[in-house]
file final-v4.pdb (PDB, C-alpha atoms, pLDDT in the B column)
ATOM      1  CA  MET W   1      24.276 -73.842 -35.991  1.00 50.00           C
ATOM      2  CA  SER W   2      26.837 -74.552 -33.259  1.00 49.00           C
ATOM      3  CA  GLN W   3      27.805 -71.867 -30.793  1.00 51.00           C
ATOM      4  CA  HIS W   4      31.274 -71.723 -32.382  1.00 56.00           C
ATOM      5  CA  ASP W   5      29.821 -70.930 -35.840  1.00 77.00           C
ATOM      6  CA  ALA W   6      27.689 -68.031 -34.580  1.00 87.00           C
ATOM      7  CA  MET W   7      29.171 -64.566 -34.150  1.00 92.00           C
ATOM      8  CA  ILE W   8      25.892 -63.380 -32.593  1.00 95.00           C
ATOM      9  CA  ARG W   9      23.353 -65.488 -30.688  1.00 94.00           C
ATOM     10  CA  ILE W  10      20.234 -63.715 -29.442  1.00 94.00           C
ATOM     11  CA  ARG W  11      17.790 -65.687 -27.323  1.00 94.00           C
ATOM     12  CA  ASN W  12      14.355 -64.445 -26.172  1.00 93.00           C
ATOM     13  CA  VAL W  13      15.512 -60.835 -25.951  1.00 94.00           C
ATOM     14  CA  THR W  14      13.050 -58.232 -24.744  1.00 92.00           C
ATOM     15  CA  LYS W  15      13.723 -54.511 -24.409  1.00 91.00           C
ATOM     16  CA  SER W  16      11.417 -52.141 -22.554  1.00 89.00           C
ATOM     17  CA  TYR W  17      11.599 -48.459 -21.663  1.00 85.00           C
ATOM     18  CA  GLU W  18       9.773 -46.473 -19.012  1.00 83.00           C
ATOM     19  CA  ARG W  19       7.967 -43.372 -20.259  1.00 79.00           C
ATOM     20  CA  GLY W  20       6.523 -41.744 -17.203  1.00 80.00           C
ATOM     21  CA  ARG W  21       4.292 -44.414 -15.686  1.00 83.00           C
ATOM     22  CA  GLN W  22       3.989 -46.251 -18.978  1.00 85.00           C
ATOM     23  CA  LYS W  23       6.151 -49.253 -19.911  1.00 84.00           C
ATOM     24  CA  VAL W  24       6.904 -49.420 -23.641  1.00 84.00           C
ATOM     25  CA  GLU W  25       8.150 -52.752 -24.964  1.00 83.00           C
ATOM     26  CA  VAL W  26      10.251 -52.211 -28.103  1.00 88.00           C
ATOM     27  CA  LEU W  27      11.515 -55.762 -28.687  1.00 89.00           C
ATOM     28  CA  HIS W  28       9.415 -58.835 -27.924  1.00 88.00           C
ATOM     29  CA  GLY W  29      11.288 -62.089 -27.282  1.00 88.00           C
ATOM     30  CA  LEU W  30      13.623 -61.956 -30.293  1.00 91.00           C
ATOM     31  CA  SER W  31      15.820 -64.957 -31.143  1.00 92.00           C
ATOM     32  CA  ILE W  32      18.385 -64.545 -33.950  1.00 92.00           C
ATOM     33  CA  ASP W  33      21.620 -66.231 -35.038  1.00 93.00           C
ATOM     34  CA  VAL W  34      24.179 -64.377 -37.134  1.00 94.00           C
ATOM     35  CA  PRO W  35      26.941 -66.677 -38.421  1.00 94.00           C
ATOM     36  CA  ARG W  36      30.564 -65.586 -38.309  1.00 93.00           C
ATOM     37  CA  GLY W  37      31.391 -63.743 -41.539  1.00 94.00           C
ATOM     38  CA  ASP W  38      27.773 -62.843 -42.323  1.00 95.00           C
ATOM     39  CA  PHE W  39      26.608 -59.476 -43.677  1.00 96.00           C
ATOM     40  CA  VAL W  40      23.049 -58.828 -42.488  1.00 95.00           C
ATOM     41  CA  ALA W  41      20.774 -55.913 -43.345  1.00 95.00           C
ATOM     42  CA  LEU W  42      18.114 -55.046 -40.749  1.00 94.00           C
ATOM     43  CA  MET W  43      15.049 -53.442 -42.305  1.00 92.00           C
ATOM     44  CA  GLY W  44      11.631 -52.368 -41.098  1.00 89.00           C
ATOM     45  CA  PRO W  45       9.442 -49.298 -40.627  1.00 85.00           C
ATOM     46  CA  SER W  46      10.366 -46.530 -38.214  1.00 85.00           C
ATOM     47  CA  GLY W  47       9.715 -47.658 -34.657  1.00 82.00           C
ATOM     48  CA  SER W  48      10.152 -51.344 -35.492  1.00 86.00           C
ATOM     49  CA  GLY W  49      13.127 -51.714 -33.116  1.00 87.00           C
ATOM     50  CA  LYS W  50      15.991 -51.851 -35.656  1.00 90.00           C
ATOM     51  CA  THR W  51      18.291 -49.355 -33.956  1.00 90.00           C
ATOM     52  CA  THR W  52      17.395 -50.725 -30.511  1.00 92.00           C
ATOM     53  CA  LEU W  53      18.465 -54.193 -31.651  1.00 93.00           C
ATOM     54  CA  LEU W  54      21.662 -52.793 -33.207  1.00 92.00           C
ATOM     55  CA  ASN W  55      22.509 -50.993 -29.955  1.00 92.00           C
ATOM     56  CA  LEU W  56      22.022 -54.220 -27.999  1.00 94.00           C
ATOM     57  CA  ILE W  57      24.271 -56.179 -30.379  1.00 94.00           C
ATOM     58  CA  GLY W  58      26.961 -53.509 -30.123  1.00 92.00           C
ATOM     59  CA  GLY W  59      26.795 -53.310 -26.343  1.00 91.00           C
ATOM     60  CA  LEU W  60      25.580 -49.698 -26.319  1.00 89.00           C
ATOM     61  CA  ASP W  61      22.497 -50.829 -24.388  1.00 89.00           C
ATOM     62  CA  THR W  62      21.456 -53.863 -22.348  1.00 90.00           C
ATOM     63  CA  PRO W  63      18.337 -56.039 -22.747  1.00 92.00           C
ATOM     64  CA  SER W  64      15.488 -56.071 -20.245  1.00 90.00           C
ATOM     65  CA  ALA W  65      15.441 -59.880 -20.521  1.00 93.00           C
ATOM     66  CA  GLY W  66      17.058 -62.606 -22.581  1.00 93.00           C
ATOM     67  CA  GLU W  67      20.583 -63.547 -23.608  1.00 95.00           C
ATOM     68  CA  ILE W  68      22.994 -61.934 -26.084  1.00 95.00           C
ATOM     69  CA  THR W  69      26.228 -63.746 -26.903  1.00 94.00           C
ATOM     70  CA  VAL W  70      28.763 -62.104 -29.230  1.00 94.00           C
ATOM     71  CA  ASP W  71      31.871 -64.041 -30.262  1.00 91.00           C
ATOM     72  CA  GLY W  72      31.417 -66.380 -27.290  1.00 90.00           C
ATOM     73  CA  GLN W  73      30.884 -63.610 -24.689  1.00 90.00           C
ATOM     74  CA  ARG W  74      27.568 -63.206 -22.844  1.00 94.00           C
ATOM     75  CA  ILE W  75      27.428 -59.416 -23.137  1.00 93.00           C
ATOM     76  CA  ASP W  76      24.033 -59.191 -21.426  1.00 92.00           C
ATOM     77  CA  GLN W  77      25.901 -60.110 -18.224  1.00 90.00           C
ATOM     78  CA  LEU W  78      28.424 -57.256 -18.540  1.00 90.00           C
ATOM     79  CA  LYS W  79      27.883 -53.930 -16.801  1.00 86.00           C
ATOM     80  CA  GLY W  80      29.366 -50.436 -16.980  1.00 85.00           C
ATOM     81  CA  ASN W  81      33.147 -50.446 -17.425  1.00 86.00           C
ATOM     82  CA  GLN W  82      33.172 -54.140 -18.349  1.00 89.00           C
ATOM     83  CA  LEU W  83      30.823 -53.474 -21.256  1.00 89.00           C
ATOM     84  CA  ALA W  84      32.753 -50.368 -22.350  1.00 86.00           C
ATOM     85  CA  LYS W  85      36.015 -52.338 -22.380  1.00 86.00           C
ATOM     86  CA  TRP W  86      34.384 -55.169 -24.326  1.00 89.00           C
ATOM     87  CA  ARG W  87      33.017 -52.701 -26.915  1.00 87.00           C
ATOM     88  CA  SER W  88      36.394 -51.044 -27.436  1.00 83.00           C
ATOM     89  CA  HIS W  89      38.054 -54.383 -28.227  1.00 85.00           C
ATOM     90  CA  ASN W  90      35.328 -56.159 -30.180  1.00 90.00           C
ATOM     91  CA  VAL W  91      33.020 -53.801 -32.082  1.00 92.00           C
ATOM     92  CA  GLY W  92      33.441 -51.092 -34.702  1.00 92.00           C
ATOM     93  CA  PHE W  93      30.618 -48.549 -35.028  1.00 91.00           C
ATOM     94  CA  VAL W  94      29.596 -46.702 -38.205  1.00 90.00           C
ATOM     95  CA  PHE W  95      26.861 -44.059 -37.930  1.00 86.00           C
ATOM     96  CA  GLN W  96      24.856 -42.034 -40.432  1.00 81.00           C
ATOM     97  CA  PHE W  97      26.431 -38.671 -39.563  1.00 78.00           C
ATOM     98  CA  TYR W  98      30.081 -39.780 -39.233  1.00 78.00           C
ATOM     99  CA  ASN W  99      30.632 -38.280 -35.720  1.00 85.00           C
ATOM    100  CA  LEU W 100      34.106 -37.005 -36.611  1.00 90.00           C
ATOM    101  CA  MET W 101      35.965 -34.454 -34.489  1.00 92.00           C
ATOM    102  CA  PRO W 102      36.208 -31.330 -36.684  1.00 93.00           C
ATOM    103  CA  VAL W 103      39.477 -30.119 -35.089  1.00 94.00           C
ATOM    104  CA  LEU W 104      41.302 -33.385 -35.843  1.00 94.00           C
ATOM    105  CA  THR W 105      42.745 -34.600 -39.130  1.00 95.00           C
ATOM    106  CA  ALA W 106      41.549 -37.841 -40.709  1.00 95.00           C
ATOM    107  CA  GLU W 107      44.413 -39.735 -39.074  1.00 95.00           C
ATOM    108  CA  GLY W 108      43.685 -38.048 -35.742  1.00 94.00           C
ATOM    109  CA  ASN W 109      40.048 -39.160 -35.889  1.00 95.00           C
ATOM    110  CA  VAL W 110      41.004 -42.711 -36.828  1.00 94.00           C
ATOM    111  CA  GLU W 111      43.517 -42.866 -33.979  1.00 93.00           C
ATOM    112  CA  LEU W 112      40.965 -41.968 -31.282  1.00 90.00           C
ATOM    113  CA  PRO W 113      39.889 -45.543 -30.350  1.00 88.00           C
ATOM    114  CA  LEU W 114      43.535 -46.569 -30.019  1.00 88.00           C
ATOM    115  CA  LEU W 115      44.192 -43.991 -27.303  1.00 85.00           C
ATOM    116  CA  LEU W 116      42.353 -46.351 -24.925  1.00 78.00           C
ATOM    117  CA  THR W 117      44.728 -49.231 -25.743  1.00 82.00           C
ATOM    118  CA  PRO W 118      48.276 -50.059 -24.558  1.00 85.00           C
ATOM    119  CA  LEU W 119      49.698 -49.409 -28.058  1.00 85.00           C
ATOM    120  CA  ASN W 120      52.564 -46.912 -28.218  1.00 89.00           C
ATOM    121  CA  ALA W 121      52.587 -43.957 -30.623  1.00 91.00           C
ATOM    122  CA  ALA W 122      54.473 -45.809 -33.374  1.00 93.00           C
ATOM    123  CA  GLN W 123      52.106 -48.797 -33.192  1.00 92.00           C
ATOM    124  CA  ARG W 124      49.074 -46.495 -33.276  1.00 92.00           C
ATOM    125  CA  ARG W 125      50.480 -44.631 -36.268  1.00 92.00           C
ATOM    126  CA  LYS W 126      51.010 -47.889 -38.179  1.00 94.00           C
ATOM    127  CA  SER W 127      47.472 -49.137 -37.409  1.00 93.00           C
ATOM    128  CA  VAL W 128      45.997 -45.804 -38.539  1.00 94.00           C
ATOM    129  CA  GLU W 129      48.020 -45.914 -41.765  1.00 94.00           C
ATOM    130  CA  ILE W 130      46.761 -49.427 -42.546  1.00 94.00           C
ATOM    131  CA  ALA W 131      43.116 -48.534 -41.797  1.00 94.00           C
ATOM    132  CA  LEU W 132      43.243 -45.463 -44.067  1.00 94.00           C
ATOM    133  CA  GLN W 133      44.816 -47.564 -46.828  1.00 91.00           C
ATOM    134  CA  VAL W 134      42.034 -50.147 -46.525  1.00 92.00           C
ATOM    135  CA  VAL W 135      39.354 -47.475 -47.065  1.00 91.00           C
ATOM    136  CA  GLY W 136      41.317 -45.787 -49.873  1.00 91.00           C
ATOM    137  CA  LEU W 137      42.135 -42.548 -48.060  1.00 89.00           C
ATOM    138  CA  ALA W 138      45.879 -42.759 -47.407  1.00 92.00           C
ATOM    139  CA  ASP W 139      46.303 -39.538 -49.410  1.00 92.00           C
ATOM    140  CA  ARG W 140      43.827 -37.650 -47.197  1.00 90.00           C
ATOM    141  CA  ALA W 141      45.421 -38.485 -43.828  1.00 93.00           C
ATOM    142  CA  LYS W 142      46.297 -34.860 -43.017  1.00 94.00           C
ATOM    143  CA  HIS W 143      42.944 -33.406 -44.094  1.00 95.00           C
ATOM    144  CA  LYS W 144      40.320 -32.253 -41.593  1.00 94.00           C
ATOM    145  CA  PRO W 145      36.634 -33.212 -42.012  1.00 92.00           C
ATOM    146  CA  ARG W 146      35.686 -29.840 -43.531  1.00 92.00           C
ATOM    147  CA  GLU W 147      38.227 -30.506 -46.317  1.00 95.00           C
ATOM    148  CA  LEU W 148      36.609 -33.847 -47.202  1.00 92.00           C
ATOM    149  CA  SER W 149      33.463 -34.833 -49.091  1.00 91.00           C
ATOM    150  CA  GLY W 150      30.636 -36.658 -47.313  1.00 89.00           C
ATOM    151  CA  GLY W 151      31.757 -39.970 -48.783  1.00 90.00           C
ATOM    152  CA  GLN W 152      35.339 -39.352 -47.672  1.00 93.00           C
ATOM    153  CA  GLU W 153      34.136 -38.456 -44.178  1.00 93.00           C
ATOM    154  CA  GLN W 154      32.241 -41.756 -43.996  1.00 90.00           C
ATOM    155  CA  ARG W 155      35.383 -43.588 -45.160  1.00 92.00           C
ATOM    156  CA  VAL W 156      37.292 -41.950 -42.301  1.00 94.00           C
ATOM    157  CA  ALA W 157      34.533 -43.091 -39.946  1.00 93.00           C
ATOM    158  CA  ILE W 158      34.824 -46.642 -41.298  1.00 93.00           C
ATOM    159  CA  ALA W 159      38.618 -46.531 -40.901  1.00 94.00           C
ATOM    160  CA  ARG W 160      38.070 -45.475 -37.278  1.00 93.00           C
ATOM    161  CA  ALA W 161      35.665 -48.402 -36.846  1.00 92.00           C
ATOM    162  CA  ILE W 162      38.184 -50.976 -38.139  1.00 92.00           C
ATOM    163  CA  VAL W 163      41.441 -49.527 -36.751  1.00 91.00           C
ATOM    164  CA  SER W 164      41.408 -51.791 -33.672  1.00 88.00           C
ATOM    165  CA  ASP W 165      40.625 -54.799 -35.943  1.00 89.00           C
ATOM    166  CA  PRO W 166      37.261 -55.784 -34.407  1.00 90.00           C
ATOM    167  CA  HIS W 167      35.506 -58.890 -35.691  1.00 92.00           C
ATOM    168  CA  LEU W 168      32.096 -57.163 -35.708  1.00 95.00           C
ATOM    169  CA  LEU W 169      30.936 -53.966 -37.417  1.00 94.00           C
ATOM    170  CA  VAL W 170      27.545 -52.449 -36.573  1.00 94.00           C
ATOM    171  CA  CYS W 171      26.332 -49.818 -39.017  1.00 94.00           C
ATOM    172  CA  ASP W 172      23.320 -47.563 -38.425  1.00 92.00           C
ATOM    173  CA  GLU W 173      22.089 -46.100 -41.740  1.00 91.00           C
ATOM    174  CA  PRO W 174      25.700 -45.712 -42.979  1.00 89.00           C
ATOM    175  CA  THR W 175      24.581 -44.305 -46.349  1.00 87.00           C
ATOM    176  CA  GLY W 176      21.545 -42.331 -45.165  1.00 84.00           C
ATOM    177  CA  ASP W 177      23.241 -38.942 -45.687  1.00 81.00           C
ATOM    178  CA  LEU W 178      24.897 -39.747 -49.033  1.00 83.00           C
ATOM    179  CA  ASP W 179      23.890 -39.510 -52.692  1.00 88.00           C
ATOM    180  CA  ARG W 180      23.312 -42.758 -54.592  1.00 91.00           C
ATOM    181  CA  THR W 181      26.723 -42.962 -56.271  1.00 91.00           C
ATOM    182  CA  THR W 182      28.621 -42.254 -53.060  1.00 89.00           C
ATOM    183  CA  ALA W 183      26.353 -44.605 -51.106  1.00 91.00           C
ATOM    184  CA  ASP W 184      27.152 -47.424 -53.521  1.00 93.00           C
ATOM    185  CA  GLU W 185      30.892 -46.770 -53.063  1.00 91.00           C
ATOM    186  CA  ILE W 186      30.528 -47.027 -49.275  1.00 92.00           C
ATOM    187  CA  LEU W 187      28.441 -50.200 -49.578  1.00 94.00           C
ATOM    188  CA  ARG W 188      31.043 -51.792 -51.853  1.00 93.00           C
ATOM    189  CA  LEU W 189      33.652 -50.933 -49.233  1.00 91.00           C
ATOM    190  CA  LEU W 190      31.557 -52.676 -46.563  1.00 94.00           C
ATOM    191  CA  GLN W 191      31.220 -55.683 -48.877  1.00 95.00           C
ATOM    192  CA  ALA W 192      35.011 -55.782 -49.265  1.00 93.00           C
ATOM    193  CA  LEU W 193      35.513 -55.606 -45.489  1.00 92.00           C
ATOM    194  CA  ASN W 194      33.114 -58.536 -45.159  1.00 95.00           C
ATOM    195  CA  ARG W 195      34.512 -60.580 -48.044  1.00 93.00           C
ATOM    196  CA  ASP W 196      38.254 -59.836 -47.875  1.00 92.00           C
ATOM    197  CA  HIS W 197      38.787 -59.027 -44.197  1.00 91.00           C
ATOM    198  CA  GLY W 198      36.289 -61.406 -42.584  1.00 92.00           C
ATOM    199  CA  LYS W 199      34.267 -58.752 -40.770  1.00 93.00           C
ATOM    200  CA  THR W 200      30.805 -59.769 -39.593  1.00 95.00           C
ATOM    201  CA  ILE W 201      28.505 -56.834 -40.398  1.00 96.00           C
ATOM    202  CA  VAL W 202      25.036 -55.937 -39.111  1.00 96.00           C
ATOM    203  CA  MET W 203      23.610 -52.903 -40.907  1.00 95.00           C
ATOM    204  CA  VAL W 204      20.372 -51.022 -40.262  1.00 94.00           C
ATOM    205  CA  THR W 205      18.994 -49.410 -43.408  1.00 93.00           C
ATOM    206  CA  HIS W 206      15.725 -48.034 -44.798  1.00 90.00           C
ATOM    207  CA  ASP W 207      17.082 -48.359 -48.331  1.00 91.00           C
ATOM    208  CA  PRO W 208      16.219 -51.567 -50.256  1.00 92.00           C
ATOM    209  CA  LEU W 209      19.069 -50.850 -52.686  1.00 93.00           C
ATOM    210  CA  ALA W 210      21.521 -50.724 -49.776  1.00 93.00           C
ATOM    211  CA  ALA W 211      20.142 -53.978 -48.373  1.00 93.00           C
ATOM    212  CA  GLU W 212      20.955 -55.713 -51.667  1.00 94.00           C
ATOM    213  CA  TYR W 213      24.665 -55.401 -50.830  1.00 94.00           C
ATOM    214  CA  ALA W 214      24.181 -57.596 -47.753  1.00 95.00           C
ATOM    215  CA  LYS W 215      24.160 -61.396 -47.888  1.00 95.00           C
ATOM    216  CA  ARG W 216      20.681 -61.511 -46.364  1.00 93.00           C
ATOM    217  CA  THR W 217      18.005 -59.253 -44.942  1.00 94.00           C
ATOM    218  CA  LEU W 218      16.053 -59.547 -41.698  1.00 93.00           C
ATOM    219  CA  HIS W 219      12.785 -57.597 -41.457  1.00 93.00           C
ATOM    220  CA  LEU W 220      11.597 -56.287 -38.099  1.00 90.00           C
ATOM    221  CA  ASP W 221       7.996 -55.273 -37.530  1.00 88.00           C
ATOM    222  CA  LYS W 222       6.790 -53.926 -34.184  1.00 85.00           C
ATOM    223  CA  GLY W 223       9.691 -55.493 -32.309  1.00 84.00           C
ATOM    224  CA  ARG W 224       9.458 -58.944 -33.858  1.00 86.00           C
ATOM    225  CA  LEU W 225      11.037 -60.622 -36.846  1.00 85.00           C
ATOM    226  CA  ALA W 226       8.528 -60.383 -39.662  1.00 79.00           C
ATOM    227  CA  GLU W 227       8.215 -64.168 -39.974  1.00 58.00           C
ATOM    228  CA  GLN W 228       7.620 -64.386 -36.209  1.00 44.00           C
ATOM    229  CA  ALA W 229       4.916 -61.733 -36.395  1.00 37.00           C
ATOM    230  CA  VAL W 230       2.795 -63.820 -38.775  1.00 34.00           C
ATOM    231  CA  GLY W 231       1.580 -66.180 -36.090  1.00 32.00           C
ATOM    232  CA  ALA W 232       1.568 -63.679 -33.285  1.00 31.00           C
TER     233      ALA W 232
END
call {"tool": "encode", "arguments": {"input": "final-v4.pdb", "output": "structure tokens"}}
result
Amino acid sequence: MSQHDAMIRIRNVTKSYERGRQKVEVLHGLSIDVPRGDFVALMGPSGSGKTTLLNLIGGLDTPSAGEITVDGQRIDQLKGNQLAKWRSHNVGFVFQFYNLMPVLTAEGNVELPLLLTPLNAAQRRKSVEIALQVVGLADRAKHKPRELSGGQEQRVAIARAIVSDPHLLVCDEPTGDLDRTTADEILRLLQALNRDHGKTIVMVTHDPLAAEYAKRTLHLDKGRLAEQAVGA
């Protein structure tokens, strides 16, 4: 795969944490390519490094060693404000527990990432309107989180993730707090964002049924890809 075809290129990435005097290595020399337009599910037991890897891909954390290139940018070389600015322009985040501001309406929550951009109020309003239409919640724009169901709250969170039109969505257990029917609705929405809007999606999940909505699944085990672990 050429560098231009890959949305994400991970090369020999290691991630370690210090716990007191002990050094704990969570990821061990991972190398992964994710093509542009892919929808990947990351699976593995608790402690396998799934969320750590997701945080590295999304620029929420930095590797201890190795290279991470996202959409042509070496994000492992970015620090502090540079990384924050890159995240705000390039990545949409979807979390298990929505992380909505209870005092804001749906449209107010979706608008939040745009407050860091040069867009004026009218431009922000239009972008928010489009994002809520995409997730099927245009009629709930004035509702606050407490007036919405769990599935609707997650749709608001997804609208917030896509409002700045990032190429990459990173999703950490996006259906982990939802019943099966609602989870399937959210997963079909993610499929549509991937298929119809060209979003590259990396999703951590414990749920094999959720993983079936992705185009492919990568299994992590003790900080290595499962196929890498065989000969380790």
call {"tool": "closest_residue", "arguments": {"input": "final-v4.pdb", "among": "W:Leu30, W:Leu137, W:Leu42, W:Val13", "to": "Ala210 of chain W", "atoms": "only C-alpha atoms"}}
result
W:Leu42
call {"tool": "atom_distance", "arguments": {"input": "final-v4.pdb", "atom1": "atom CA of Ser149 of chain W", "atom2": "atom CA of Asp179 of chain W"}}
result
11.2 Å
call {"tool": "resolve_selection", "arguments": {"input": "final-v4.pdb", "expression": "the PyMOL selection byres ((chain W and resi 39) around 8)", "output": "PyMOL selection string"}}
result
chain W and resi 37-38+40-41+191+194+200-203+214-216
call {"tool": "closest_residue", "arguments": {"input": "final-v4.pdb", "among": "W:Gly72, W:Pro102, W:Gly80, W:Gly136", "to": "Leu60 of chain W", "atoms": "all atoms listed in the file"}}
result
W:Gly80
call {"tool": "atom_distance", "arguments": {"input": "final-v4.pdb", "atom1": "atom CA of Met7 of chain W", "atom2": "atom CA of Asp71 of chain W"}}
result
4.8 Å
call {"tool": "closest_residue", "arguments": {"input": "final-v4.pdb", "among": "W:Lys23, W:Pro118, W:Ile10, W:Pro113", "to": "Gly66 of chain W", "atoms": "all atoms listed in the file"}}
result
W:Ile10
call {"tool": "atom_distance", "arguments": {"input": "final-v4.pdb", "atom1": "atom CA of Leu190 of chain W", "atom2": "atom CA of Ala159 of chain W"}}
result
10.9 Å
call {"tool": "residues_around", "arguments": {"input": "final-v4.pdb", "residues": "His206 of chain W", "least_positions_apart": "5", "cutoff": "9 Å", "atoms": "all atoms listed in the file", "output": "JSON, numbers by chain"}}
result
{"W": [42, 43, 44, 45, 46, 173, 176, 211]}
call {"tool": "closest_residue", "arguments": {"input": "final-v4.pdb", "among": "W:His28, W:Arg87, W:Lys142, W:His167", "to": "Lys15 of chain W", "atoms": "all atoms listed in the file"}}
result
W:His28
call {"tool": "resolve_selection", "arguments": {"input": "final-v4.pdb", "expression": "the PyMOL selection byres ((chain W and resi 104) around 12)", "output": "PyMOL selection string"}}
result
chain W and resi 99-103+105-112+141-147+156
call {"tool": "write_last_selection", "arguments": {"input": "final-v4.pdb", "atoms": "C-alpha atoms", "output": "compact mmCIF listing (two decimals), in the coordinates of the input"}}
result
# COMPACT_ATOMS: atom_id res chain seq x y z
CA ASN W 99 30.63 -38.28 -35.72
CA LEU W 100 34.11 -37.01 -36.61
CA MET W 101 35.97 -34.45 -34.49
CA PRO W 102 36.21 -31.33 -36.68
CA VAL W 103 39.48 -30.12 -35.09
CA THR W 105 42.74 -34.60 -39.13
CA ALA W 106 41.55 -37.84 -40.71
CA GLU W 107 44.41 -39.74 -39.07
CA GLY W 108 43.68 -38.05 -35.74
CA ASN W 109 40.05 -39.16 -35.89
CA VAL W 110 41.00 -42.71 -36.83
CA GLU W 111 43.52 -42.87 -33.98
CA LEU W 112 40.96 -41.97 -31.28
CA ALA W 141 45.42 -38.48 -43.83
CA LYS W 142 46.30 -34.86 -43.02
CA HIS W 143 42.94 -33.41 -44.09
CA LYS W 144 40.32 -32.25 -41.59
CA PRO W 145 36.63 -33.21 -42.01
CA ARG W 146 35.69 -29.84 -43.53
CA GLU W 147 38.23 -30.51 -46.32
CA VAL W 156 37.29 -41.95 -42.30
call {"tool": "resolve_selection", "arguments": {"input": "final-v4.pdb", "expression": "the PyMOL selection byres ((chain W and resi 29) around 12)", "output": "PyMOL selection string"}}
result
chain W and resi 10-16+25-28+30-32+53+63-68+222-225+228-229+232
call {"tool": "closest_residue", "arguments": {"input": "final-v4.pdb", "among": "W:Asp196, W:Ile158, W:Gly150, W:Gly59", "to": "Asp177 of chain W", "atoms": "all atoms listed in the file"}}
result
W:Gly150
call {"tool": "closest_residue", "arguments": {"input": "final-v4.pdb", "among": "W:Arg180, W:Arg188, W:Lys85, W:Lys199", "to": "Val135 of chain W", "atoms": "all atoms listed in the file"}}
result
W:Arg188
call {"tool": "residues_around", "arguments": {"input": "final-v4.pdb", "residues": "Asn55 of chain W", "least_positions_apart": "3", "cutoff": "12 Å", "atoms": "all atoms listed in the file", "output": "PyMOL selection string"}}
result
chain W and resi 15+49-52+58-63+68+75-76+87+91-95+169-172+202-204
call {"tool": "decode", "arguments": {"input": "final-v4.pdb", "residues": "segment 72-83 of chain W", "atoms": "N, CA, C and O atoms", "output": "PDB file, in the first residue's frame"}}
result
ATOM      1  N   GLY W  72      -1.108  11.670   6.033  1.00  0.00           N
ATOM      2  CA  GLY W  72       0.117  12.302   5.569  1.00  0.00           C
ATOM      3  C   GLY W  72       0.880  13.104   6.615  1.00  0.00           C
ATOM      4  O   GLY W  72       1.969  13.607   6.348  1.00  0.00           O
ATOM      5  N   GLN W  73       0.348  13.200   7.843  1.00  0.00           N
ATOM      6  CA  GLN W  73       0.981  13.995   8.902  1.00  0.00           C
ATOM      7  C   GLN W  73       1.603  13.079   9.954  1.00  0.00           C
ATOM      8  O   GLN W  73       0.917  12.214  10.506  1.00  0.00           O
ATOM      9  N   ARG W  74       2.896  13.269  10.226  1.00  0.00           N
ATOM     10  CA  ARG W  74       3.561  12.514  11.292  1.00  0.00           C
ATOM     11  C   ARG W  74       3.134  13.083  12.644  1.00  0.00           C
ATOM     12  O   ARG W  74       3.735  14.016  13.178  1.00  0.00           O
ATOM     13  N   ILE W  75       2.065  12.524  13.226  1.00  0.00           N
ATOM     14  CA  ILE W  75       1.538  13.110  14.456  1.00  0.00           C
ATOM     15  C   ILE W  75       2.395  12.771  15.669  1.00  0.00           C
ATOM     16  O   ILE W  75       2.302  13.446  16.698  1.00  0.00           O
ATOM     17  N   ASP W  76       3.250  11.748  15.565  1.00  0.00           N
ATOM     18  CA  ASP W  76       4.136  11.450  16.692  1.00  0.00           C
ATOM     19  C   ASP W  76       5.174  12.557  16.899  1.00  0.00           C
ATOM     20  O   ASP W  76       5.800  12.644  17.954  1.00  0.00           O
ATOM     21  N   GLN W  77       5.331  13.426  15.904  1.00  0.00           N
ATOM     22  CA  GLN W  77       6.284  14.531  16.006  1.00  0.00           C
ATOM     23  C   GLN W  77       5.639  15.823  16.521  1.00  0.00           C
ATOM     24  O   GLN W  77       6.330  16.815  16.731  1.00  0.00           O
ATOM     25  N   LEU W  78       4.316  15.810  16.693  1.00  0.00           N
ATOM     26  CA  LEU W  78       3.610  17.005  17.165  1.00  0.00           C
ATOM     27  C   LEU W  78       3.546  17.012  18.683  1.00  0.00           C
ATOM     28  O   LEU W  78       3.431  15.977  19.319  1.00  0.00           O
ATOM     29  N   LYS W  79       3.587  18.190  19.260  1.00  0.00           N
ATOM     30  CA  LYS W  79       3.542  18.331  20.716  1.00  0.00           C
ATOM     31  C   LYS W  79       2.501  19.374  21.118  1.00  0.00           C
ATOM     32  O   LYS W  79       2.236  20.320  20.381  1.00  0.00           O
ATOM     33  N   GLY W  80       1.916  19.197  22.294  1.00  0.00           N
ATOM     34  CA  GLY W  80       1.085  20.207  22.927  1.00  0.00           C
ATOM     35  C   GLY W  80       0.042  20.842  22.029  1.00  0.00           C
ATOM     36  O   GLY W  80      -0.856  20.176  21.521  1.00  0.00           O
ATOM     37  N   ASN W  81       0.183  22.185  21.838  1.00  0.00           N
ATOM     38  CA  ASN W  81      -0.801  22.941  21.067  1.00  0.00           C
ATOM     39  C   ASN W  81      -0.868  22.494  19.616  1.00  0.00           C
ATOM     40  O   ASN W  81      -1.936  22.531  18.999  1.00  0.00           O
ATOM     41  N   GLN W  82       0.274  22.076  19.062  1.00  0.00           N
ATOM     42  CA  GLN W  82       0.286  21.585  17.678  1.00  0.00           C
ATOM     43  C   GLN W  82      -0.630  20.369  17.539  1.00  0.00           C
ATOM     44  O   GLN W  82      -1.416  20.269  16.605  1.00  0.00           O
ATOM     45  N   LEU W  83      -0.519  19.458  18.498  1.00  0.00           N
ATOM     46  CA  LEU W  83      -1.315  18.232  18.458  1.00  0.00           C
ATOM     47  C   LEU W  83      -2.792  18.549  18.683  1.00  0.00           C
ATOM     48  O   LEU W  83      -3.669  17.976  18.016  1.00  0.00           O
TER      49      LEU W  83
END
